[in-house]
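Asker: Provided herewith is a single structure, encoded as structure tokens, for subsequent inquiry.
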Amino acid sequence: MPRTPLLTDLTARARTTAHTRARTSPCPCGATTLTDRPDGTVVRHEDTVAKAHAPHTDPTHLTARLTTAARLPGILLPPLDPTPLHLHDRLVTCWPYGTPVDPEDPDAAPWEAAATLLAHLHRTPPPTPLPPMRGPLKAVRAITRLREAGPHPAAAPVLHAWTRLPAWARAESPQPDTTTLCHGDLHLGQLVRHPATDGPWLLIDVDDLGVGVPAWDLARPAAWYACGLLPPHEWTRFLTAYRAAGGPAVP
């Protein structure tokens, strides 16, 4: 696949930032494209990750989310700079590299760490004014794509379940909680160890961060458990750790 101007320049940005931090010259390392999708492109160069956020990302909202991450370093991975850059009409941020969860070793999944971080996030007052958590808006877009794809036997139960959700979860009304800090898109791909390899686990990806109903952040692992993708003992580990850390979403 040919490299786009965005990917080329994002790689250059990651390289420049990495070697400004490490002051290494000449460059002995290569760059790795971690993700290249229409809604986000991520490039790693040595110990630095550069991310081009989705088109039309609100710069004020993103800056607020970056500021929050910078002020909660024990919960969220802090950005290298809380002010996004502009590159090819996209907002770009730079981050330290962290070691992600190994998808080939499901038995080592850090369920307790994920739940504890989530509980701490939910219990922490937002350090700066934030927009609403974006999870429901993204869910609406997913349901719209499902409907536009045409009839499918597996779609009917999903669409039926969608109608049973409260209006706020379908982004049809404001969220009833406007004070609780939420991640908005929790899954195991949103955790990394920093410093890399053996540092503590931290949450990443602040694109959906905001205030809202904390139960939303538990919904994905709960759904996995409900449909049999997540074994009962792993769901129990997650829920027990969340409750032990005082998470407010579950009594």
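The chains in the structure tokens are called A, B, ... from first to last as shown; in each chain the residues are counted from 1, and the ligands are counted from 1 in the order shown.
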For Val49 of chain A, find every residue with an atom within 10 Å (counting only C-alpha atoms), except residues of its own chain fewer than 4 positions away, and show them as an MDAnalysis selection string.
Answerer: chainID A and resid 10:11 13:15 17:18 31:34 42:45 79:80 93:98
Asker: Export, as a JSON list (two decimals), in the first residue's frame, the selected residues with N, CA, C and O atoms.
Answerer:
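That gives us part-v7.json:
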```json
[["chain", "number", "residue", "atom", "x", "y", "z"],
["A", 10, "LEU", "N", 3.69, 12.16, 9.38],
["A", 10, "LEU", "CA", 3.50, 11.75, 10.77],
["A", 10, "LEU", "C", 4.70, 10.94, 11.24],
["A", 10, "LEU", "O", 5.16, 11.09, 12.38],
["A", 11, "THR", "N", 5.24, 10.09, 10.36],
["A", 11, "THR", "CA", 6.44, 9.33, 10.69],
["A", 11, "THR", "C", 7.62, 10.27, 10.95],
["A", 11, "THR", "O", 8.39, 10.07, 11.89],
["A", 13, "ARG", "N", 7.40, 13.33, 12.01],
["A", 13, "ARG", "CA", 7.13, 13.99, 13.29],
["A", 13, "ARG", "C", 7.53, 13.09, 14.45],
["A", 13, "ARG", "O", 8.14, 13.54, 15.43],
["A", 14, "ALA", "N", 7.17, 11.81, 14.37],
["A", 14, "ALA", "CA", 7.53, 10.87, 15.43],
["A", 14, "ALA", "C", 9.05, 10.76, 15.56],
["A", 14, "ALA", "O", 9.60, 10.74, 16.67],
["A", 15, "ARG", "N", 9.74, 10.68, 14.40],
["A", 15, "ARG", "CA", 11.20, 10.57, 14.43],
["A", 15, "ARG", "C", 11.83, 11.81, 15.06],
["A", 15, "ARG", "O", 12.71, 11.72, 15.92],
["A", 17, "THR", "N", 10.50, 14.00, 17.13],
["A", 17, "THR", "CA", 10.21, 14.08, 18.56],
["A", 17, "THR", "C", 11.02, 13.07, 19.34],
["A", 17, "THR", "O", 11.56, 13.37, 20.41],
["A", 18, "ALA", "N", 11.13, 11.85, 18.82],
["A", 18, "ALA", "CA", 11.89, 10.81, 19.51],
["A", 18, "ALA", "C", 13.33, 11.22, 19.71],
["A", 18, "ALA", "O", 13.90, 11.05, 20.80],
["A", 31, "ALA", "N", 10.87, 3.19, 11.93],
["A", 31, "ALA", "CA", 9.53, 3.54, 12.40],
["A", 31, "ALA", "C", 8.57, 2.40, 12.10],
["A", 31, "ALA", "O", 8.75, 1.64, 11.15],
["A", 32, "THR", "N", 7.54, 2.30, 12.94],
["A", 32, "THR", "CA", 6.52, 1.27, 12.78],
["A", 32, "THR", "C", 5.16, 1.91, 12.75],
["A", 32, "THR", "O", 4.84, 2.73, 13.62],
["A", 33, "THR", "N", 4.36, 1.56, 11.75],
["A", 33, "THR", "CA", 2.98, 2.04, 11.70],
["A", 33, "THR", "C", 2.14, 1.09, 12.54],
["A", 33, "THR", "O", 1.99, -0.08, 12.21],
["A", 34, "LEU", "N", 1.59, 1.61, 13.63],
["A", 34, "LEU", "CA", 0.78, 0.79, 14.53],
["A", 34, "LEU", "C", -0.66, 0.70, 14.07],
["A", 34, "LEU", "O", -1.29, -0.35, 14.19],
["A", 42, "VAL", "N", -1.51, 5.97, 13.73],
["A", 42, "VAL", "CA", -0.57, 5.97, 14.84],
["A", 42, "VAL", "C", 0.76, 5.38, 14.35],
["A", 42, "VAL", "O", 0.79, 4.30, 13.77],
["A", 43, "VAL", "N", 1.83, 6.10, 14.63],
["A", 43, "VAL", "CA", 3.18, 5.69, 14.21],
["A", 43, "VAL", "C", 4.09, 5.69, 15.43],
["A", 43, "VAL", "O", 4.04, 6.61, 16.26],
["A", 44, "ARG", "N", 4.90, 4.66, 15.53],
["A", 44, "ARG", "CA", 5.90, 4.60, 16.61],
["A", 44, "ARG", "C", 7.30, 4.76, 16.04],
["A", 44, "ARG", "O", 7.64, 4.17, 15.01],
["A", 45, "HIS", "N", 8.11, 5.55, 16.72],
["A", 45, "HIS", "CA", 9.54, 5.66, 16.39],
["A", 45, "HIS", "C", 10.31, 5.61, 17.70],
["A", 45, "HIS", "O", 10.22, 6.53, 18.53],
["A", 79, "PRO", "N", 0.46, 12.83, 27.79],
["A", 79, "PRO", "CA", 1.05, 13.17, 26.49],
["A", 79, "PRO", "C", 2.39, 13.88, 26.69],
["A", 79, "PRO", "O", 2.66, 14.42, 27.77],
["A", 80, "LEU", "N", 3.21, 13.87, 25.66],
["A", 80, "LEU", "CA", 4.46, 14.62, 25.73],
["A", 80, "LEU", "C", 4.21, 16.12, 25.70],
["A", 80, "LEU", "O", 5.01, 16.90, 26.22],
["A", 93, "THR", "N", -0.93, 14.39, 18.08],
["A", 93, "THR", "CA", -0.38, 14.40, 19.42],
["A", 93, "THR", "C", 0.78, 13.41, 19.50],
["A", 93, "THR", "O", 0.84, 12.45, 18.73],
["A", 94, "CYS", "N", 1.69, 13.63, 20.45],
["A", 94, "CYS", "CA", 2.83, 12.74, 20.66],
["A", 94, "CYS", "C", 2.82, 12.21, 22.09],
["A", 94, "CYS", "O", 2.50, 12.93, 23.04],
["A", 95, "TRP", "N", 3.20, 10.93, 22.22],
["A", 95, "TRP", "CA", 3.10, 10.22, 23.47],
["A", 95, "TRP", "C", 4.35, 9.37, 23.70],
["A", 95, "TRP", "O", 5.00, 8.94, 22.74],
["A", 96, "PRO", "N", 4.67, 9.06, 24.96],
["A", 96, "PRO", "CA", 5.72, 8.06, 25.20],
["A", 96, "PRO", "C", 5.19, 6.67, 24.85],
["A", 96, "PRO", "O", 3.99, 6.40, 25.01],
["A", 97, "TYR", "N", 6.06, 5.81, 24.39],
["A", 97, "TYR", "CA", 5.64, 4.45, 24.04],
["A", 97, "TYR", "C", 5.47, 3.63, 25.32],
["A", 97, "TYR", "O", 6.27, 3.71, 26.25],
["A", 98, "GLY", "N", 4.41, 2.83, 25.34],
["A", 98, "GLY", "CA", 4.20, 1.89, 26.43],
["A", 98, "GLY", "C", 3.95, 0.51, 25.86],
["A", 98, "GLY", "O", 3.45, 0.36, 24.74]]
```
Asker: DSSP on the backbone: which residues in segment 33-84 of chain A end up as alpha helix (DSSP H)? Give the answer as a list in words.
Answerer: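 Of segment 33-84 of chain A, the ones in alpha helix (DSSP H) are Pro59, Thr60, His61, Leu62, Thr63, Ala64, Arg65, Leu66, Thr67, Thr68, Ala69, Ala70 and Arg71 of chain A.
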Asker: Next, write the just-selected residues to a file, as a compact mmCIF listing (two decimals), in the first residue's frame, keeping N, CA and C atoms as the atom set.
Answerer:
```txt
# COMPACT_ATOMS: atom_id res chain seq x y z
N PRO A 59 -10.72 20.79 18.38
CA PRO A 59 -9.44 21.07 19.04
C PRO A 59 -9.60 21.47 20.50
N THR A 60 -10.68 22.17 20.84
CA THR A 60 -10.90 22.56 22.23
C THR A 60 -11.16 21.34 23.10
N HIS A 61 -12.00 20.44 22.61
CA HIS A 61 -12.29 19.22 23.36
C HIS A 61 -11.04 18.35 23.50
N LEU A 62 -10.26 18.21 22.42
CA LEU A 62 -9.07 17.38 22.50
C LEU A 62 -8.06 17.96 23.47
N THR A 63 -7.90 19.29 23.45
CA THR A 63 -6.97 19.92 24.37
C THR A 63 -7.39 19.70 25.82
N ALA A 64 -8.68 19.76 26.10
CA ALA A 64 -9.17 19.49 27.45
C ALA A 64 -8.87 18.06 27.86
N ARG A 65 -9.04 17.13 26.94
CA ARG A 65 -8.76 15.72 27.24
C ARG A 65 -7.27 15.49 27.45
N LEU A 66 -6.43 16.13 26.65
CA LEU A 66 -4.99 16.02 26.83
C LEU A 66 -4.55 16.62 28.16
N THR A 67 -5.13 17.74 28.53
CA THR A 67 -4.82 18.38 29.81
C THR A 67 -5.17 17.45 30.96
N THR A 68 -6.32 16.78 30.85
CA THR A 68 -6.72 15.83 31.89
C THR A 68 -5.71 14.70 32.01
N ALA A 69 -5.28 14.14 30.88
CA ALA A 69 -4.29 13.06 30.91
C ALA A 69 -2.98 13.53 31.53
N ALA A 70 -2.59 14.76 31.23
CA ALA A 70 -1.33 15.29 31.77
C ALA A 70 -1.41 15.47 33.28
N ARG A 71 -2.61 15.72 33.80
CA ARG A 71 -2.78 15.99 35.23
C ARG A 71 -3.11 14.75 36.05
```
Asker: For a quick check of understanding, using only C-alpha atoms, which of A:Ala245, A:Val250, A:Ile75, A:Val101 has the smallest distance to Ala196 of chain A?
Answerer: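 Closest candidate: A:Val101.
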Asker: Could you pull out the residues in segment 135-203 of chain A that DSSP calls strand (DSSP E or B) from the backbone, as a ChimeraX atom specification?
Answerer: /A:181-182,191-193,201-203
Asker: Just checking: using only C-alpha atoms, which residue out of A:Glu46, A:Ala139, A:Thr116, A:Pro82 ends up closest to Gly246 of chain A?
Answerer: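 The closest residue to Gly246 of chain A is A:Thr116.
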Asker: Please identify all polymer residues within 8 Å of Pro55 of chain A, counting only C-alpha atoms, omitting same-chain residues fewer than 2 positions from it, and present them as a list in words.
Answerer: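 My reading of the contact set: Pro38, Asp39, His53, Thr57, Asp89, Arg90 and Leu91 of chain A.
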Asker: Could those selected residues go to a file with C-alpha atoms, as a PDB file, in the first residue's frame?
Answerer:
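Okay, out_6.pdb is ready:
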```
ATOM      1  CA  PRO A  38      -9.583   6.799   8.466  1.00  0.00           C
ATOM      2  CA  ASP A  39     -10.412   7.610  12.097  1.00  0.00           C
ATOM      3  CA  HIS A  53      -6.649  12.006  15.328  1.00  0.00           C
ATOM      4  CA  THR A  57     -11.784  16.421  15.853  1.00  0.00           C
ATOM      5  CA  ASP A  89      -5.787  19.225   8.376  1.00  0.00           C
ATOM      6  CA  ARG A  90      -5.511  16.699  11.221  1.00  0.00           C
ATOM      7  CA  LEU A  91      -4.732  17.206  14.888  1.00  0.00           C
TER       8      LEU A  91
END
```
Asker: If you measure from atom CA of Arg37 of chain A to atom CA of Pro78 of chain A, what distance in Å do you get, rounded to one decimal?
Answerer: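 Result for atom CA of Arg37 of chain A versus atom CA of Pro78 of chain A: 23.1 Å, one decimal.
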